[in-house]
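Engineer: Have a look at the structure that comes next, please.
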Amino acid sequence: MSVVETGRPTTPQEDADWSTSQVVLTNLRAIGGRAYPRITGLMREKSWVFFEILLPLLATSAFVFVYRALQAPAQYIGFVVIGGAMVAFWLNVIWMMASQLWWEKSQGNLELYFAAPMSIMSVLFGMAVGGMVMSSSRAVVVLAVASVVYDVQFAVDQWALLLAVFFLTLAALYGLGMMLASLFVMWGREAFHLTQLLTEPIYFVSGLNFPVARLGILGSLALGTIPLAVGLDAMRQLAFATAAFPVGTPEPAVEALILVAMTIAFLGASRLMLATMERLARKEGRLSVRWQ
Amino acid sequence: MTLFHGVKNACYPAKLLNDRLPGISMPTTPVASAIEARGLRRIYKVKPAPVVALDGVDLDVASGEFFGLLGPNGAGKTTLIKILTTLLLPSEGTARIFGFDVAREEKRIRRIMNMVAGGEQSGYGILTVREQLWMFSQFYGLPRADGWRRVDELIDAVGMGDERLQRVSTLSTGQRQKMNFARGLLNDPWILFLDEPTLGLDVAAARQVRELVTAWKAAVPGRTVLLTTHYMAEADELCERIAIVDRGRILAIGTPAELKKRVQRESIFRLELDRLEGGPAALARVPGVVSAAPTAGDGGPVDRQTVAVNLVLVDDGALGGVVGALGDLGSHILALRKSEPSLEDVFVELVGRGFEAEVA
């Protein structure tokens, strides 16, 4: 592609014929390009400190005080703090991944993404990478501040597995977000209602502020379907190795495998749904065209 | 605008190049048309009844051509552009861009084309102009550093040096459109689709955008532009050929002059002379002159010492005889103006109504 002029005469046919490495590089660059606004936004919009750190800390603090009043085991304070940190990722997945393509469509960006030579999957990956960086900074701040303020004592035996579970949780979560993004763009405005509908129930069944196994069958179901639930549970077990967990709680290694399976399933489904969405967009003209 | 210059010349049709550069022989390898559409139909399945947006469009645009689609709102221009830019599939028919099928080879087409629409609000307001353009450059696979360099060059080329670090959310409509135009050139496309690019711009901003397009197009042979507009003057000024579109059909295709010729089969001139011995009747006898009549009083101030004549000729070629006859009569030409029909006249002739009637 003679984007940067090299002095070599070319033809449209030559310029349209890309090698595999050109295709791969373009998609990698597209991921970086789409991640850029999210990472830049992190630096420019200081209001996130208030909305995404101080406000979540209030909710976390409320549970800390309840557990203290009930004289619950000390590890429960830690459970709440980890839940408070991980909620940043769920909010990011729901609000800035799942509903993002719909917003991109209304802005006119989706059309330009389709018209560019990269895969739309790269756009979603870019959004995910940017979202992870953005949310990680928030999660780290919440975790650090709450741990210091409430004197959380971690007991980690398997650092490598803890880190692996953390990254697998992010992969599965953002895989889910990518899948939902395609669905939401087809559902249009209804997606926003669904987003609101999903927020609190997911908090509940994920055991954001308590061990999910306490929910019995519902908890088991959540562990098999919701990345936040299984990731949180595994991280809690690994971060508080000495704590007692309810009978029936799967081993962290098993939960890591569940996360791997979820990641593969969600990414596969999102690819399939994106392809369907693009086909529908081109066939029916109602997805990439703003007025339809 | 040195940036606009390049070396893409291999696909320029040899015939056109030979016509423009006599004496220079170019290889005559057949080159695919920039656009080739056959029997294109597009039906939107909407309630209460399906809408036929395109109804059997045949179109050929040569490589290197500046082609215009002129028609009122709802004529099908944007639908046609969406099909050609691979965003929409035709319900029937085929379309090819530089030989690539829009239905099956969309990836190849996307590598060599770009598009800019009027009123486009794409991108992210939190980014600066420079960052926004760089982000889009990454979607076309430019290496990181090359992307920044290309962006800086384009910003300078479109005259946005002062707004380089300004946030996109603070740009005026005109500035935004110039930025959009720069975005459309990031991948140095072979074919640029412009959908109402000056929509909503003030006169000065619209003129700037038109100048930018013209300069970019002229800098490298082979660059092709498809412009849709409902501004007749814009189409007239920019396009080498124009298709007049209405209700999903192409009603006529030709150069602006050819289209105007459809509604005016004679040439009309307004002459101002220092004197005319024998009056306009003296000119009426010149071969090729259909009629010659005094026009004083109908077209602005005419000095008492001058004679104004409305001259109808069978064609422009007859003007030479008139000039010769005036010399014989001892008259001097003070002013000569050709009176031409507008593209709107052509549209009215073809459709039976004006653009405004359609909009209303």
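As shown in the structure tokens, the chain order sets the letters A, B, ...; within each chain, residues go from 1, and ligands are also counted from 1 in the order they appear.
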Against stretch 128-152 of chain B, which residues of stretch 97-178 of chain A fall within 12 Å? For each one I want the closest pair of atoms and the distance in Å (one decimal), counting only C-alpha atoms, rows by chain and increasing residue number, as a Markdown table.
Structural biologist:
| residue | atom | partner | partner_atom | distance |
| --- | --- | --- | --- | --- |
| A:Asn109 | CA | B:Phe136 | CA | 10.4 |
| A:Leu112 | CA | B:Phe136 | CA | 9.1 |
| A:Tyr113 | CA | B:Phe139 | CA | 7.8 |
| A:Phe114 | CA | B:Phe139 | CA | 10.3 |
| A:Ala115 | CA | B:Phe139 | CA | 9.9 |
| A:Ala116 | CA | B:Phe139 | CA | 6.3 |
| A:Pro117 | CA | B:Tyr140 | CA | 6.1 |
| A:Met118 | CA | B:Phe139 | CA | 6.0 |
| A:Ser119 | CA | B:Phe139 | CA | 9.0 |
| A:Ile120 | CA | B:Phe139 | CA | 9.9 |
| A:Met121 | CA | B:Phe139 | CA | 11.8 |
| A:Ser122 | CA | B:Phe139 | CA | 9.0 |
| A:Val123 | CA | B:Phe139 | CA | 8.7 |
| A:Gly126 | CA | B:Phe139 | CA | 10.8 |
Engineer: Give me the chain A side of the contact with chain B, cut-off 8 Å, one line per residue showing its nearest atom pair and distance in Å at one decimal, counting only C-alpha atoms, sorted by chain and residue number, as a tab-separated table.
Structural biologist:
residue	atom	partner	partner_atom	distance
A:Met1	CA	B:Arg111	CA	7.7
A:Ser2	CA	B:Asp188	CA	7.0
A:Val3	CA	B:Asn187	CA	4.9
A:Val4	CA	B:Asp146	CA	7.3
A:Glu5	CA	B:Gly6	CA	6.4
A:Gly7	CA	B:Val7	CA	6.0
A:Arg8	CA	B:Val7	CA	6.8
A:Pro9	CA	B:Lys8	CA	5.3
A:Thr10	CA	B:Lys8	CA	5.7
A:Thr11	CA	B:Cys11	CA	5.2
A:Pro12	CA	B:Trp190	CA	6.4
A:Gln13	CA	B:Phe98	CA	7.2
A:Asp15	CA	B:Ile112	CA	6.6
A:Ala16	CA	B:Arg108	CA	4.8
A:Asp17	CA	B:Arg108	CA	6.7
A:Gln22	CA	B:Gly141	CA	7.6
A:Leu25	CA	B:Gly141	CA	6.6
A:Thr26	CA	B:Gly141	CA	3.9
A:Asn27	CA	B:Gly141	CA	7.2
A:Arg29	CA	B:Gln138	CA	5.2
A:Ala30	CA	B:Phe139	CA	4.5
A:Gly32	CA	B:Gln138	CA	7.5
A:Gly33	CA	B:Met135	CA	4.6
A:Arg34	CA	B:Met135	CA	6.6
A:Tyr36	CA	B:Met135	CA	7.1
A:Pro37	CA	B:Leu127	CA	6.7
A:Thr40	CA	B:Leu127	CA	7.6
A:Gly41	CA	B:Ile126	CA	6.6
A:Arg44	CA	B:Ile126	CA	7.8
A:Gln107	CA	B:Ser122	CA	5.7
A:Gly108	CA	B:Ser122	CA	5.3
A:Asn109	CA	B:Ser122	CA	5.0
A:Glu111	CA	B:Leu87	CA	7.3
A:Tyr113	CA	B:Phe139	CA	7.8
A:Phe114	CA	B:Leu87	CA	6.9
A:Ala115	CA	B:Arg110	CA	5.8
A:Ala116	CA	B:Arg110	CA	5.6
A:Pro117	CA	B:Arg110	CA	5.0
A:Met118	CA	B:Phe139	CA	6.0
A:Ala281	CA	B:Leu88	CA	7.0
A:Arg282	CA	B:Leu88	CA	4.1
A:Lys283	CA	B:Leu89	CA	5.4
A:Glu284	CA	B:Tyr44	CA	7.2
A:Gly285	CA	B:Leu88	CA	5.9
A:Ser288	CA	B:Leu87	CA	7.4
Engineer: Please provide the set of residues having any atom within 10 Å of B:Val309, restricted to only C-alpha atoms, with same-chain residues fewer than 2 positions apart removed, written as an mmCIF file with C-alpha atoms, in the first residue's frame.
Structural biologist:
data_model
loop_
_atom_site.group_PDB
_atom_site.id
_atom_site.type_symbol
_atom_site.label_atom_id
_atom_site.label_comp_id
_atom_site.auth_asym_id
_atom_site.auth_seq_id
_atom_site.Cartn_x
_atom_site.Cartn_y
_atom_site.Cartn_z
ATOM 1 C CA PHE B 269 -24.282 35.446 -26.877
ATOM 2 C CA ARG B 270 -24.680 38.969 -25.616
ATOM 3 C CA LEU B 271 -22.528 41.430 -27.516
ATOM 4 C CA GLU B 272 -21.664 45.005 -26.626
ATOM 5 C CA LEU B 273 -20.263 47.086 -29.488
ATOM 6 C CA LEU B 276 -23.158 48.889 -35.405
ATOM 7 C CA GLY B 279 -28.184 47.734 -36.717
ATOM 8 C CA PRO B 280 -28.604 44.099 -35.589
ATOM 9 C CA LEU B 283 -25.593 40.579 -38.312
ATOM 10 C CA SER B 291 -31.279 35.829 -34.927
ATOM 11 C CA ALA B 292 -29.799 39.136 -33.809
ATOM 12 C CA ALA B 293 -31.826 41.567 -31.743
ATOM 13 C CA PRO B 294 -31.117 44.682 -29.696
ATOM 14 C CA THR B 295 -31.014 44.025 -25.967
ATOM 15 C CA ALA B 296 -30.474 47.459 -24.431
ATOM 16 C CA THR B 306 -22.738 51.403 -27.070
ATOM 17 C CA VAL B 307 -24.949 48.934 -28.854
ATOM 18 C CA LEU B 311 -27.190 36.965 -30.788
ATOM 19 C CA VAL B 312 -28.497 33.430 -31.347
ATOM 20 C CA LEU B 336 -18.926 39.362 -25.185
#
Engineer: Skip A:Leu161 itself and residues of its chain fewer than 4 positions away, then list as a PyMOL selection string all residues within 12 Å of it, counting only C-alpha atoms.
Structural biologist: chain A and resi 156-157+165-169+231+234-239+251-257
Engineer: Between atom CA of A:Leu42 and atom CA of A:Ile94, what is the distance in Å, rounded to a tenth?
Structural biologist: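 These two atoms are separated by 17.6 Å.
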Engineer: Let's see if you can do this: from backbone DSSP, list all strand (DSSP E or B) residues in stretch 109-262 of chain B, as a ChimeraX atom specification.
Structural biologist: /B:113-117,128,167,191-195,224-229,241-246,249-254
Engineer: Once you have the residues from the selection above, write them out as a CSV table (one decimal), in the first residue's frame, restricted to N, CA and C atoms.
Structural biologist:
chain,number,residue,atom,x,y,z
B,113,MET,N,-9.6,2.5,-1.0
B,113,MET,CA,-10.6,3.6,-1.1
B,113,MET,C,-10.7,4.3,0.2
B,114,ASN,N,-11.4,5.4,0.2
B,114,ASN,CA,-11.8,6.1,1.4
B,114,ASN,C,-13.0,6.9,1.2
B,115,MET,N,-13.6,7.4,2.2
B,115,MET,CA,-14.9,8.1,2.1
B,115,MET,C,-15.0,9.2,3.1
B,116,VAL,N,-15.6,10.3,2.7
B,116,VAL,CA,-15.9,11.5,3.6
B,116,VAL,C,-17.3,11.9,3.3
B,117,ALA,N,-18.0,12.1,4.4
B,117,ALA,CA,-19.4,12.5,4.3
B,117,ALA,C,-19.6,13.9,4.9
B,128,THR,N,-7.2,15.2,20.4
B,128,THR,CA,-6.8,16.4,19.6
B,128,THR,C,-7.0,16.0,18.1
B,167,ARG,N,-8.7,20.1,20.7
B,167,ARG,CA,-9.6,19.0,20.9
B,167,ARG,C,-10.7,19.0,19.8
B,191,ILE,N,-9.4,5.8,-4.9
B,191,ILE,CA,-10.7,6.3,-5.2
B,191,ILE,C,-11.3,6.9,-3.9
B,192,LEU,N,-11.7,8.2,-4.0
B,192,LEU,CA,-12.3,8.9,-2.8
B,192,LEU,C,-13.8,9.1,-3.1
B,193,PHE,N,-14.6,8.7,-2.1
B,193,PHE,CA,-16.0,8.9,-2.2
B,193,PHE,C,-16.4,10.1,-1.3
B,194,LEU,N,-17.0,11.1,-1.9
B,194,LEU,CA,-17.4,12.3,-1.2
B,194,LEU,C,-18.9,12.4,-1.2
B,195,ASP,N,-19.5,12.2,-0.1
B,195,ASP,CA,-21.0,12.3,0.0
B,195,ASP,C,-21.4,13.6,0.6
B,224,THR,N,-9.2,9.0,-8.4
B,224,THR,CA,-10.6,9.1,-8.9
B,224,THR,C,-11.4,9.6,-7.8
B,225,VAL,N,-12.4,10.5,-8.1
B,225,VAL,CA,-13.3,11.0,-7.1
B,225,VAL,C,-14.7,10.8,-7.6
B,226,LEU,N,-15.5,10.3,-6.6
B,226,LEU,CA,-17.0,10.2,-6.9
B,226,LEU,C,-17.6,11.1,-5.9
B,227,LEU,N,-18.3,12.2,-6.4
B,227,LEU,CA,-18.9,13.2,-5.5
B,227,LEU,C,-20.4,13.1,-5.6
B,228,THR,N,-21.1,13.1,-4.5
B,228,THR,CA,-22.5,13.3,-4.6
B,228,THR,C,-22.8,14.6,-4.0
B,229,THR,N,-23.7,15.3,-4.6
B,229,THR,CA,-24.1,16.6,-4.1
B,229,THR,C,-25.5,17.0,-4.6
B,241,ARG,N,-17.5,14.7,-15.4
B,241,ARG,CA,-18.8,14.2,-15.9
B,241,ARG,C,-19.8,14.1,-14.7
B,242,ILE,N,-21.0,14.2,-15.1
B,242,ILE,CA,-22.1,14.2,-14.1
B,242,ILE,C,-23.2,13.2,-14.5
B,243,ALA,N,-23.7,12.5,-13.5
B,243,ALA,CA,-24.9,11.7,-13.7
B,243,ALA,C,-26.0,12.4,-12.9
B,244,ILE,N,-27.1,12.7,-13.6
B,244,ILE,CA,-28.3,13.2,-12.9
B,244,ILE,C,-29.2,12.1,-12.4
B,245,VAL,N,-29.4,12.0,-11.1
B,245,VAL,CA,-30.1,10.9,-10.5
B,245,VAL,C,-31.4,11.4,-9.9
B,246,ASP,N,-32.4,10.6,-10.1
B,246,ASP,CA,-33.7,10.9,-9.4
B,246,ASP,C,-34.5,9.7,-9.2
B,249,ARG,N,-32.9,6.3,-10.3
B,249,ARG,CA,-32.5,6.1,-11.7
B,249,ARG,C,-31.6,7.2,-12.1
B,250,ILE,N,-30.7,6.8,-13.0
B,250,ILE,CA,-29.8,7.8,-13.7
B,250,ILE,C,-30.6,8.3,-14.9
B,251,LEU,N,-30.8,9.6,-14.9
B,251,LEU,CA,-31.6,10.1,-16.0
B,251,LEU,C,-30.7,10.6,-17.2
B,252,ALA,N,-29.5,11.0,-16.9
B,252,ALA,CA,-28.6,11.4,-17.9
B,252,ALA,C,-27.2,11.4,-17.4
B,253,ILE,N,-26.2,11.2,-18.3
B,253,ILE,CA,-24.8,11.2,-17.9
B,253,ILE,C,-24.1,12.0,-19.0
B,254,GLY,N,-23.2,12.9,-18.6
B,254,GLY,CA,-22.4,13.6,-19.6
B,254,GLY,C,-21.5,14.6,-18.9
